[in-house]
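Peer 1: Structure supplied as query_30.txt; contents: compact mmCIF, C-alpha atoms.
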```txt
# COMPACT_ATOMS: atom_id res chain seq x y z
CA MET A 29 3.54 -35.73 -11.93
CA ASN A 30 2.24 -32.84 -14.03
CA VAL A 31 4.09 -30.08 -12.21
CA ASP A 32 6.45 -29.88 -15.19
CA LYS A 33 3.48 -28.98 -17.39
CA THR A 34 2.44 -26.03 -15.21
CA PRO A 35 3.11 -23.22 -17.75
CA ALA A 36 1.16 -25.08 -20.45
CA ILE A 37 -1.77 -25.70 -18.09
CA LEU A 38 -1.84 -22.04 -17.01
CA GLN A 39 -1.91 -20.98 -20.64
CA ARG A 40 -4.77 -23.37 -21.39
CA LEU A 41 -6.79 -22.08 -18.44
CA GLN A 42 -6.17 -18.47 -19.47
CA SER A 43 -7.31 -19.24 -23.01
CA ILE A 44 -10.71 -20.37 -21.70
CA GLY A 45 -11.20 -17.23 -19.61
CA ILE A 46 -9.83 -18.25 -16.21
CA THR A 47 -7.59 -15.58 -14.66
CA LEU A 48 -5.13 -16.88 -12.09
CA GLU A 49 -2.66 -15.22 -9.78
CA LYS A 50 0.24 -16.98 -8.09
CA VAL A 51 -0.13 -17.57 -4.35
CA SER A 52 2.99 -15.92 -2.93
CA PHE A 53 3.62 -18.56 -0.26
CA LEU A 54 3.08 -21.65 -2.43
CA ASP A 55 5.20 -23.09 -5.24
CA HIS A 56 2.29 -24.54 -7.18
CA GLY A 57 -0.78 -22.67 -5.92
CA TYR A 58 -2.81 -20.08 -7.82
CA TRP A 59 -5.72 -17.91 -6.72
CA VAL A 60 -8.70 -18.00 -9.07
CA CYS A 61 -9.27 -14.27 -9.71
CA LYS A 62 -11.89 -14.53 -12.42
CA ALA A 63 -13.63 -17.44 -14.09
CA LYS A 64 -16.59 -17.52 -16.45
CA PHE A 65 -17.57 -20.90 -15.08
CA SER A 66 -16.66 -23.30 -12.30
CA VAL A 67 -12.97 -24.30 -12.24
CA GLY A 68 -14.19 -27.68 -11.02
CA ALA A 69 -15.96 -28.41 -14.30
CA THR A 70 -13.35 -27.81 -17.01
CA SER A 71 -11.91 -30.57 -19.21
CA GLU A 72 -8.51 -29.81 -17.67
CA TYR A 73 -9.84 -30.46 -14.16
CA LEU A 74 -11.62 -33.64 -15.22
CA LEU A 75 -8.44 -34.84 -16.93
CA GLY A 76 -6.56 -34.43 -13.64
CA LEU A 77 -4.25 -31.62 -14.78
CA TYR A 78 -4.92 -29.62 -11.61
CA SER A 79 -6.70 -29.93 -8.30
CA ILE A 80 -8.78 -27.51 -6.25
CA GLN A 81 -7.62 -27.02 -2.70
CA GLU A 82 -7.84 -24.32 -0.03
CA ALA A 83 -4.59 -22.30 -0.03
CA ALA A 84 -3.52 -22.90 3.59
CA ALA A 85 -4.39 -26.59 3.26
CA GLN A 86 -1.65 -26.91 0.63
CA ILE A 87 1.05 -26.03 3.19
CA PRO A 88 1.37 -29.24 5.29
CA VAL A 89 2.59 -31.53 2.47
CA THR A 90 5.24 -28.97 1.43
CA LEU A 91 6.86 -29.21 4.89
CA PHE A 92 8.12 -32.77 4.47
CA ARG A 93 11.76 -33.21 3.55
CA GLU A 94 12.33 -35.72 0.68
CA LEU A 95 9.24 -37.69 -0.14
CA GLU A 96 10.28 -39.79 -3.11
CA ASN A 97 10.43 -43.55 -2.48
CA LYS A 98 9.25 -43.11 1.12
CA THR A 99 6.48 -44.94 2.96
CA VAL A 100 3.97 -42.27 3.91
CA LEU A 101 0.87 -42.37 6.09
CA ASP A 102 -2.02 -40.01 5.40
CA ALA A 103 -3.96 -40.75 8.56
CA CYS A 104 -7.21 -38.83 7.94
CA ALA A 105 -7.14 -38.76 4.16
CA ALA A 106 -10.60 -38.13 2.69
CA PRO A 107 -11.58 -36.39 0.48
CA GLY A 108 -8.03 -36.82 -0.84
CA GLY A 109 -6.69 -33.36 -1.78
CA LYS A 110 -3.56 -33.85 0.29
CA THR A 111 -3.20 -37.51 -0.75
CA VAL A 112 -3.01 -36.40 -4.39
CA GLN A 113 -0.57 -33.63 -3.41
CA LEU A 114 1.59 -36.24 -1.64
CA ALA A 115 1.53 -38.51 -4.70
CA ASP A 116 2.56 -35.56 -6.89
CA SER A 117 5.45 -34.68 -4.56
CA MET A 118 6.51 -38.34 -4.53
CA HIS A 119 6.26 -38.56 -8.33
CA ASN A 120 4.14 -41.66 -7.79
CA THR A 121 7.06 -43.54 -6.18
CA GLY A 122 7.12 -45.27 -2.79
CA ALA A 123 3.80 -45.91 -1.09
CA ILE A 124 1.06 -43.89 0.59
CA VAL A 125 -1.23 -45.56 3.10
CA ALA A 126 -4.40 -43.49 3.31
CA LEU A 127 -7.04 -44.01 5.99
CA ASP A 128 -10.45 -42.64 6.77
CA ILE A 129 -13.37 -43.73 8.90
CA ARG A 130 -16.19 -42.38 6.76
CA ARG A 131 -16.99 -44.75 3.92
CA GLN A 132 -18.83 -42.18 1.80
CA ARG A 133 -15.77 -39.92 1.92
CA LEU A 134 -13.59 -42.86 0.87
CA THR A 135 -15.57 -43.00 -2.39
CA ALA A 136 -14.71 -39.32 -2.97
CA LEU A 137 -11.07 -40.14 -2.19
CA ALA A 138 -11.04 -43.04 -4.66
CA ASN A 139 -12.53 -40.78 -7.36
CA GLN A 140 -9.78 -38.19 -6.75
CA LEU A 141 -7.07 -40.85 -7.02
CA GLU A 142 -8.51 -42.15 -10.27
CA ARG A 143 -8.98 -38.66 -11.76
CA CYS A 144 -5.39 -37.67 -10.94
CA TYR A 145 -3.81 -40.99 -12.04
CA VAL A 146 -2.35 -41.68 -8.59
CA LYS A 147 -0.63 -45.08 -8.65
CA ASN A 148 1.13 -45.36 -5.30
CA ALA A 149 -1.68 -45.24 -2.72
CA VAL A 150 -3.49 -47.92 -0.79
CA VAL A 151 -6.68 -46.87 0.99
CA TYR A 152 -8.26 -48.49 4.02
CA PHE A 153 -11.59 -47.96 5.73
CA SER A 154 -9.91 -47.63 9.09
CA ASP A 155 -9.59 -45.46 12.16
CA ALA A 156 -6.28 -43.61 12.54
CA ARG A 157 -6.42 -44.45 16.26
CA HIS A 158 -5.75 -48.10 15.34
CA VAL A 159 -3.10 -47.57 12.65
CA SER A 160 -0.54 -49.75 14.45
CA GLN A 161 -2.73 -52.77 13.61
CA LEU A 162 -1.55 -52.44 9.98
CA LYS A 163 1.98 -53.33 11.22
CA VAL A 164 3.74 -50.84 8.94
CA ARG A 165 6.38 -48.28 9.98
CA TYR A 166 6.36 -44.93 8.19
CA ASP A 167 9.02 -42.44 7.09
CA ARG A 168 6.53 -39.59 6.88
CA ILE A 169 3.16 -39.15 8.59
CA LEU A 170 0.59 -36.53 7.71
CA LEU A 171 -1.88 -35.89 10.52
CA ASP A 172 -4.45 -33.51 9.11
CA VAL A 173 -6.71 -34.42 11.99
CA PRO A 174 -10.49 -33.96 12.25
CA CYS A 175 -11.06 -30.66 14.06
CA SER A 176 -13.64 -28.06 15.03
CA GLY A 177 -12.94 -25.94 11.96
CA ASN A 178 -13.12 -22.17 12.18
CA PHE A 179 -15.50 -19.32 11.56
CA ALA A 180 -13.82 -18.27 8.30
CA ALA A 181 -14.91 -21.50 6.63
CA ASP A 182 -18.20 -21.94 8.47
CA LYS A 183 -20.64 -19.06 8.93
CA ASN A 184 -22.56 -20.90 11.65
CA TRP A 185 -19.46 -21.93 13.56
CA PHE A 186 -20.28 -20.11 16.82
CA ARG A 187 -23.83 -21.50 16.82
CA ARG A 188 -22.81 -25.06 16.13
CA ARG A 189 -19.87 -25.54 18.52
CA THR A 190 -19.52 -25.70 22.27
CA ILE A 191 -16.37 -25.93 24.36
CA LYS A 192 -17.30 -29.60 25.01
CA ASP A 193 -17.02 -30.33 21.25
CA VAL A 194 -13.61 -28.69 21.16
CA GLU A 195 -12.44 -30.73 24.16
CA ARG A 196 -13.77 -33.95 22.63
CA ASN A 197 -11.94 -33.23 19.38
CA ALA A 198 -8.74 -32.41 21.26
CA ALA A 199 -8.88 -35.75 23.10
CA HIS A 200 -9.48 -37.57 19.80
CA GLN A 201 -6.52 -35.76 18.23
CA ARG A 202 -4.23 -36.77 21.11
CA GLU A 203 -5.17 -40.43 20.58
CA ILE A 204 -4.28 -40.12 16.88
CA LEU A 205 -0.99 -38.37 17.71
CA ALA A 206 -0.01 -41.06 20.22
CA GLU A 207 -0.76 -43.84 17.74
CA ALA A 208 1.15 -42.06 14.97
CA VAL A 209 4.29 -41.75 17.08
CA LYS A 210 4.17 -45.55 17.66
CA VAL A 211 4.43 -46.27 13.92
CA LEU A 212 6.95 -43.53 13.05
CA ARG A 213 10.41 -44.69 12.00
CA GLY A 214 13.35 -43.42 14.06
CA ASP A 215 14.27 -40.52 11.80
CA GLY A 216 10.74 -40.03 10.47
CA GLU A 217 8.69 -36.83 10.36
CA ILE A 218 5.14 -36.04 11.42
CA VAL A 219 3.32 -33.00 10.09
CA TYR A 220 0.34 -32.14 12.30
CA SER A 221 -2.27 -29.72 11.03
CA THR A 222 -5.80 -28.54 11.77
CA CYS A 223 -8.08 -25.91 10.29
CA SER A 224 -9.04 -24.97 13.84
CA LEU A 225 -7.87 -21.90 15.75
CA GLU A 226 -8.58 -23.34 19.19
CA PRO A 227 -5.42 -23.70 21.33
CA GLU A 228 -6.84 -26.94 22.80
CA GLU A 229 -6.59 -28.58 19.36
CA ASN A 230 -3.25 -27.01 18.51
CA GLU A 231 -0.57 -25.72 20.90
CA LEU A 232 -2.01 -27.50 23.96
CA ASN A 233 -2.03 -30.83 22.10
CA ILE A 234 1.53 -30.35 20.85
CA ASP A 235 2.68 -29.30 24.33
CA TRP A 236 1.11 -32.54 25.63
CA ALA A 237 2.90 -34.54 22.88
CA ILE A 238 6.27 -32.97 23.79
CA ARG A 239 5.76 -33.96 27.43
CA ASN A 240 4.32 -37.43 26.86
CA LEU A 241 5.42 -38.82 23.50
CA SER A 242 9.13 -37.96 23.31
CA VAL A 243 8.76 -35.76 20.26
CA GLY A 244 10.17 -32.32 19.54
CA VAL A 245 8.95 -29.49 17.33
CA GLU A 246 11.06 -28.85 14.23
CA GLU A 247 11.81 -25.51 12.65
CA ILE A 248 9.67 -24.91 9.56
CA ASP A 249 9.93 -22.26 6.92
CA CYS A 250 6.39 -21.35 5.94
CA TYR A 251 3.74 -18.64 5.86
CA GLY A 252 2.06 -17.72 9.17
CA GLN A 253 2.80 -16.45 12.64
CA ASN A 254 4.62 -18.19 15.48
CA GLY A 255 2.65 -20.60 17.65
CA LEU A 256 1.47 -19.45 21.07
CA THR A 257 3.61 -20.22 24.12
CA ASN A 258 1.28 -18.74 26.68
CA VAL A 259 -2.31 -19.97 26.57
CA PHE A 260 -5.01 -19.10 29.12
CA GLY A 261 -2.26 -17.95 31.49
CA LYS A 262 -0.42 -21.27 31.17
CA HIS A 263 3.21 -21.26 30.03
CA LEU A 264 3.87 -23.87 27.36
CA ASP A 265 7.10 -25.32 26.01
CA GLY A 266 9.14 -22.58 24.31
CA SER A 267 9.66 -24.70 21.17
CA LEU A 268 5.96 -24.22 20.32
CA GLU A 269 7.05 -20.94 18.80
CA LYS A 270 8.23 -23.04 15.85
CA CYS A 271 4.60 -23.98 15.06
CA ARG A 272 2.70 -21.80 12.60
CA ARG A 273 -0.70 -20.18 13.06
CA ILE A 274 -2.37 -18.82 9.95
CA TRP A 275 -5.04 -16.33 10.88
CA PRO A 276 -8.11 -16.08 8.60
CA GLY A 277 -7.92 -13.48 5.86
CA GLN A 278 -6.64 -14.50 2.50
CA THR A 279 -7.00 -18.11 3.63
CA GLN A 280 -9.02 -19.94 6.23
CA GLY A 281 -7.60 -20.22 9.76
CA PHE A 282 -4.97 -22.94 10.02
CA PHE A 283 -2.39 -24.44 12.35
CA VAL A 284 0.59 -26.53 11.31
CA CYS A 285 3.79 -27.92 12.83
CA LYS A 286 6.41 -30.58 12.21
CA LEU A 287 7.44 -33.14 14.83
CA LYS A 288 10.30 -35.60 15.11
CA ARG A 289 11.29 -38.12 17.74
CA ARG A 290 13.34 -36.26 20.33
CA GLU A 291 16.44 -38.44 19.89
CA ALA A 292 16.32 -37.78 16.10
CA ALA A 293 15.49 -34.06 16.37
CA MET B 30 -8.07 -63.60 -14.06
CA ILE B 31 -7.59 -60.75 -16.49
CA LYS B 32 -9.75 -62.15 -19.31
CA PRO B 33 -12.47 -59.48 -18.91
CA ILE B 34 -9.76 -56.81 -19.24
CA ASP B 35 -8.18 -58.44 -22.32
CA ASP B 36 -11.61 -58.88 -23.95
CA PHE B 37 -12.46 -55.24 -23.33
CA VAL B 38 -9.11 -53.97 -24.69
CA SER B 39 -9.44 -56.12 -27.82
CA ARG B 40 -12.62 -54.24 -28.76
CA PHE B 41 -10.33 -51.25 -29.48
CA ARG B 42 -8.18 -53.50 -31.73
CA ALA B 43 -5.43 -52.97 -29.16
CA LYS B 44 -3.34 -55.10 -26.86
CA ILE B 45 -1.80 -54.15 -23.53
CA SER B 46 0.39 -56.28 -21.33
CA LEU B 47 -0.30 -56.13 -17.62
CA ASP B 48 1.75 -58.10 -15.10
CA GLU B 49 -0.84 -60.57 -13.85
CA THR B 50 1.08 -61.16 -10.62
CA LEU B 51 0.51 -57.50 -9.70
CA ILE B 52 -3.24 -57.52 -10.42
CA VAL B 53 -5.57 -57.91 -7.48
CA LYS B 54 -9.31 -58.52 -7.72
CA GLN B 55 -11.27 -57.04 -4.84
CA GLN B 56 -15.09 -57.43 -4.78
CA GLY B 57 -15.31 -57.46 -8.58
CA ARG B 58 -12.87 -54.52 -8.93
CA TYR B 59 -9.44 -54.93 -10.51
CA PHE B 60 -6.37 -53.04 -9.26
CA LEU B 61 -2.83 -52.99 -10.63
CA LEU B 62 -0.31 -52.67 -7.79
CA ASN B 63 3.37 -51.82 -7.86
CA GLU B 64 5.98 -53.89 -5.98
CA SER B 65 5.97 -51.67 -2.85
CA LEU B 66 2.19 -51.71 -2.65
CA LYS B 67 2.07 -55.45 -3.16
CA ARG B 68 4.28 -55.91 -0.10
CA LEU B 69 2.20 -53.46 1.91
CA ALA B 70 -1.42 -53.98 0.92
CA ARG B 71 -3.62 -56.15 3.10
CA LYS B 72 -6.53 -58.03 1.58
CA ASP B 73 -9.18 -55.69 2.97
CA PHE B 74 -8.12 -52.51 1.17
CA PHE B 75 -10.71 -50.12 -0.23
CA TYR B 76 -8.56 -48.93 -3.15
CA ALA B 77 -4.97 -49.62 -4.19
CA GLY B 78 -2.51 -48.69 -6.93
CA THR B 79 -4.07 -48.16 -10.34
CA TYR B 80 -7.78 -48.89 -10.57
CA ILE B 81 -8.40 -50.84 -13.78
CA GLY B 82 -12.16 -51.43 -13.77
CA LYS B 83 -14.91 -53.60 -12.37
CA VAL B 84 -17.11 -56.47 -13.42
CA LYS B 85 -20.78 -56.10 -12.60
CA ASP B 86 -23.56 -58.40 -13.82
CA GLY B 87 -21.11 -60.00 -16.23
CA ASN B 88 -20.15 -56.69 -17.87
CA PHE B 89 -16.77 -54.99 -17.61
CA PHE B 90 -16.73 -51.29 -16.70
CA PRO B 91 -13.30 -49.73 -17.33
CA SER B 92 -11.60 -47.00 -15.34
CA PHE B 93 -10.10 -43.91 -16.94
CA ASN B 94 -6.69 -45.27 -15.94
CA LEU B 95 -7.25 -48.30 -18.19
CA LEU B 96 -8.42 -46.08 -21.06
CA GLU B 97 -5.24 -44.05 -20.64
CA LEU B 98 -3.16 -47.26 -20.82
CA ILE B 99 -4.95 -48.25 -24.04
CA ALA B 100 -4.50 -44.72 -25.46
CA ARG B 101 -0.71 -45.13 -25.25
CA LYS B 102 -0.91 -48.11 -27.65
CA THR B 103 -2.05 -48.44 -31.23
CA ALA B 104 -5.80 -48.51 -30.88
CA ASN B 105 -9.02 -47.18 -32.39
CA LYS B 106 -8.87 -43.47 -31.68
CA VAL B 107 -10.75 -40.40 -32.86
CA VAL B 108 -9.55 -36.85 -32.27
CA VAL B 109 -12.32 -34.31 -31.74
CA ASP B 110 -12.39 -30.50 -31.93
CA SER B 111 -12.80 -28.40 -28.77
CA LYS B 112 -16.57 -27.82 -29.17
CA THR B 113 -17.17 -31.55 -29.62
CA GLU B 114 -14.84 -32.22 -26.66
CA TRP B 115 -17.10 -30.18 -24.42
CA LEU B 116 -20.30 -31.78 -25.74
CA PHE B 117 -18.80 -35.26 -25.30
CA ILE B 118 -17.80 -34.51 -21.69
CA CYS B 119 -21.41 -33.41 -21.11
CA GLY B 120 -22.49 -36.89 -22.15
CA ARG B 121 -23.42 -36.22 -25.79
CA ASP B 122 -22.73 -38.49 -28.78
CA ILE B 123 -20.29 -37.41 -31.49
CA PHE B 124 -21.22 -36.23 -34.96
CA LYS B 125 -18.81 -36.86 -37.79
CA GLU B 126 -18.35 -33.10 -38.32
CA GLY B 127 -16.65 -32.85 -34.91
CA ILE B 128 -14.00 -35.47 -35.70
CA THR B 129 -10.73 -33.93 -36.92
CA ASN B 130 -8.78 -37.15 -37.28
CA ALA B 131 -9.52 -40.85 -36.95
CA THR B 132 -6.97 -43.60 -36.53
CA VAL B 133 -9.52 -46.31 -36.83
CA SER B 134 -9.46 -49.55 -38.75
CA ALA B 135 -12.59 -50.64 -37.03
CA LYS B 136 -16.01 -51.74 -38.03
CA ARG B 137 -19.37 -50.62 -36.79
CA ASP B 138 -20.01 -51.60 -33.15
CA ASP B 139 -16.29 -51.65 -32.29
CA TYR B 140 -15.14 -49.35 -29.50
CA THR B 141 -13.01 -46.26 -30.05
CA LEU B 142 -11.20 -43.93 -27.69
CA VAL B 143 -12.08 -40.27 -27.95
CA VAL B 144 -9.15 -37.88 -27.51
CA ASN B 145 -8.93 -34.08 -27.60
CA LEU B 146 -6.59 -31.91 -29.67
CA HIS B 147 -3.93 -32.26 -26.94
CA GLY B 148 -4.05 -36.06 -27.26
CA GLU B 149 -5.71 -36.53 -23.84
CA CYS B 150 -8.22 -39.34 -23.49
CA LEU B 151 -11.75 -38.07 -22.82
CA GLY B 152 -13.49 -41.43 -22.75
CA PHE B 153 -14.74 -43.96 -25.24
CA GLY B 154 -17.70 -44.78 -27.41
CA ARG B 155 -19.18 -47.24 -29.87
CA ILE B 156 -18.69 -46.66 -33.59
CA LEU B 157 -22.02 -46.21 -35.34
CA CYS B 158 -20.93 -45.87 -38.97
CA ASP B 159 -17.97 -46.13 -41.34
CA LEU B 160 -15.72 -43.31 -40.14
CA ASN B 161 -13.76 -43.27 -43.37
CA GLY B 162 -16.90 -42.89 -45.49
CA LYS B 163 -18.39 -39.58 -46.59
CA ARG B 164 -21.75 -39.80 -44.85
CA HIS B 165 -22.37 -37.08 -42.22
CA GLY B 166 -24.35 -37.47 -39.01
CA LEU B 167 -24.04 -39.41 -35.78
CA ALA B 168 -20.73 -41.32 -35.69
CA ILE B 169 -19.85 -42.32 -32.10
CA LYS B 170 -22.22 -43.32 -29.32
CA ASN B 171 -20.92 -42.00 -25.98
CA ILE B 172 -20.38 -44.83 -23.48
CA LEU B 173 -18.08 -43.23 -20.90
CA ASP B 174 -16.60 -39.74 -20.62
CA VAL B 175 -14.55 -37.88 -17.99
CA GLY B 176 -17.63 -35.81 -17.09
CA ASP B 177 -18.49 -38.90 -15.07
CA PHE B 178 -16.22 -37.56 -12.30
CA LEU B 179 -18.57 -34.59 -11.92
CA ARG B 180 -21.62 -36.82 -11.87
CA ARG B 181 -19.97 -38.90 -9.13
CA GLU B 182 -18.89 -35.77 -7.22
CA ARG B 183 -22.46 -34.49 -7.12
CA GLN B 184 -23.36 -37.57 -5.13
CA THR B 185 -20.57 -37.17 -2.58
CA ALA B 186 -19.32 -33.57 -2.44
CA THR B 187 -20.13 -31.47 0.56
CA VAL B 188 -17.02 -29.33 0.68
CA SER B 189 -17.47 -25.58 0.74
CA ALA B 190 -16.13 -23.73 -2.29
CA ARG B 191 -15.02 -20.73 -0.25
CA HIS B 192 -11.32 -19.84 -0.30
CA GLN B 193 -10.61 -22.43 -2.99
CA THR B 194 -7.44 -22.15 -5.05
CA VAL B 195 -6.09 -24.08 -7.96
CA ARG B 196 -3.05 -26.28 -7.37
CA ALA B 197 -1.11 -27.11 -10.50
CA ARG B 198 -0.19 -30.79 -10.63
```
Translate the structure described by the file into structure tokens.
Peer 2:
Amino acid sequence: MNVDKTPAILQRLQSIGITLEKVSFLDHGYWVCKAKFSVGATSEYLLGLYSIQEAAAQIPVTLFRELENKTVLDACAAPGGKTVQLADSMHNTGAIVALDIRRQRLTALANQLERCYVKNAVVYFSDARHVSQLKVRYDRILLDVPCSGNFAADKNWFRRRTIKDVERNAAHQREILAEAVKVLRGDGEIVYSTCSLEPEENELNIDWAIRNLSVGVEEIDCYGQNGLTNVFGKHLDGSLEKCRRIWPGQTQGFFVCKLKRREAA
Amino acid sequence: MIKPIDDFVSRFRAKISLDETLIVKQQGRYFLLNESLKRLARKDFFYAGTYIGKVKDGNFFPSFNLLELIARKTANKVVVDSKTEWLFICGRDIFKEGITNATVSAKRDDYTLVVNLHGECLGFGRILCDLNGKRHGLAIKNILDVGDFLRRERQTATVSARHQTVRAR
């Protein structure tokens, strides 16, 4: 949408004292090096000329091949950063179906869509585990699933989580994955991501999907290290190497991979 | 169905044409869909397409998307300088000294869009005096400005600001 205006926007931000530096692994991402005030309170932000998003979280949407005029599912959409990114990549064509199960977060999502002049999204207060009830088949599915998070983004992470929470999240994620595969078109793509570093929510879930849902992992070209193929002494499918793990440092911890139906892969 | 929208737009001495067959009213809120969304959207959606505005207690409250649609047409419009832009976004009214240009054929109490030096719509207000006259002082009463997004965010935001980056759109 406004990607063509990027140089002009950068110049405007610089003129009001915001120093930016290009994120090497993103086409449209910039680190905020110095700012006299919050970058979330400028006229440019309020006019929808840019969005604020964690750097690693910008990766999943960039992994889809051809988004224009497609029917896209954003299964766990709120607060809407990736939904807006999808709409930008689609140039407001096609349709995005965005779901979330927390009503308060849907209000935040609706505000984002209005601020950024998104025109191609329909939002439902709905659980991704029941997405087949909408009776729509999708070309692209973004599964940025609810997860346990990681210590880089949450100082109290070790105090607030137990292994039981991680296992519960992993089971929830598998239900979402299984439902997503049901509504994926034959040659469609799923991008699965979490901001968790736990193998249960990442490689072990994808290994389970390969064995039970007839999907395969696709090669992706993005920042990060190869996924693990040996977890807790257990050998996993070799194709899990094609997943990406982003260890905390410049960004938060992150996991991402792309899946396709095995017959289409 | 779109009378409240037409009535609101006419207060800017403007006219926009919306395809009524693509407008959906959902719990007092109006949405403009495109053809693909119309095929896809069920009746129980939370948000769809372009949000136009809502009717509450008999009054119409526009969205910024609608203001942007009006701004593309011939309409009452004032251009403000950058200092006034910031004050307006913070919810303040506009003094005549801050207006650099006015394309207004309107009378007192009409609505006018407020745009910045880049031609971007910041919101709208009610005209308080003859903008072509020489008198200084308060000229536009702020009714809605884009700072409203921040006020709404304060009620809902819980996201940590750590590791945030800017993504150009």
Peer 1: Work out how far apart atom CA of A:Thr279 and atom CA of A:Ala180 are and give it in Å to one decimal.
Peer 2: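 The value is 8.3 Å.
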Peer 1: I need the residue nearest chain A from this list: B:Gly78, B:Gly154, B:Gly120, B:Gly166. Use only C-alpha atoms for the distance.
Peer 2: B:Gly78
Peer 1: Mind listing as a VMD selection string which residues of chain A are within 8 Å of chain B, counting all atoms listed in the file?
Peer 2: chain A and resid 29 to 31 33 to 34 37 56 to 60 69 71 74 to 83 113 116 122 to 123 132 to 136 138 to 139 142 to 143 145 to 153 164 181 278 to 280
Peer 1: One decimal, Å: what's the distance from atom CA of A:Glu231 over to atom CA of A:Gln201, could you say?
Peer 2: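 Straight-line distance from atom CA of A:Glu231 to atom CA of A:Gln201 works out to 12.0 Å.
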Peer 1: Could you check how far atom CA of A:Ser176 sits from atom CA of A:Arg272, in Å to one decimal?
Peer 2: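 For atom CA of A:Ser176 relative to atom CA of A:Arg272, the distance reads 17.7 Å.
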Peer 1: Measuring between all atoms listed in the file, which one of B:Arg40, B:Lys125, B:Lys83, B:Lys106 shows the shortest distance to B:Lys163?
Peer 2: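 The closest residue to B:Lys163 is B:Lys125.
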Peer 1: Go through B:Val133, B:Ile172, B:Leu47, B:Leu142 and flag the residue nearest B:Leu160, using all atoms listed in the file for the distances.
Peer 2: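 Between B:Val133, B:Ile172, B:Leu47, B:Leu142, the residue approaching B:Leu160 most closely is B:Val133.
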Peer 1: Which residues, written as a CSV table (one decimal) with C-alpha atoms, keeping the file's coordinate frame, have at least one atom at most 10 Å from B:Cys158, with all atoms listed in the file counted and residues fewer than 6 positions away on the same chain left out?
Peer 2:
```
chain,number,residue,atom,x,y,z
B,125,LYS,CA,-18.8,-36.9,-37.8
B,135,ALA,CA,-12.6,-50.6,-37.0
B,136,LYS,CA,-16.0,-51.7,-38.0
B,137,ARG,CA,-19.4,-50.6,-36.8
B,138,ASP,CA,-20.0,-51.6,-33.2
B,139,ASP,CA,-16.3,-51.6,-32.3
B,164,ARG,CA,-21.8,-39.8,-44.8
B,165,HIS,CA,-22.4,-37.1,-42.2
B,166,GLY,CA,-24.4,-37.5,-39.0
B,167,LEU,CA,-24.0,-39.4,-35.8
B,168,ALA,CA,-20.7,-41.3,-35.7
B,169,ILE,CA,-19.8,-42.3,-32.1
```
Peer 1: Find the residues near B:Asn130: any atom within 10 Å, counting all atoms listed in the file, skip ones fewer than 3 places away on the same chain, and give them as a list in words.
Peer 2: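 Once the nearby chain positions are removed, what remains is Lys106, Val107, Val108, Val109, Asp110, Gly127, Val133, Val144, Leu146, Leu160 and Asn161 of chain B.
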Peer 1: At a cut-off of 10 Å from (8.3, -34.5, 9.6) in the coordinates of the file, what residues are picked up using all atoms listed in the file, written as a ChimeraX atom specification?
Peer 2: /A:88-89,91-94,167-170,212,215-220,245-246,248,285-289,293
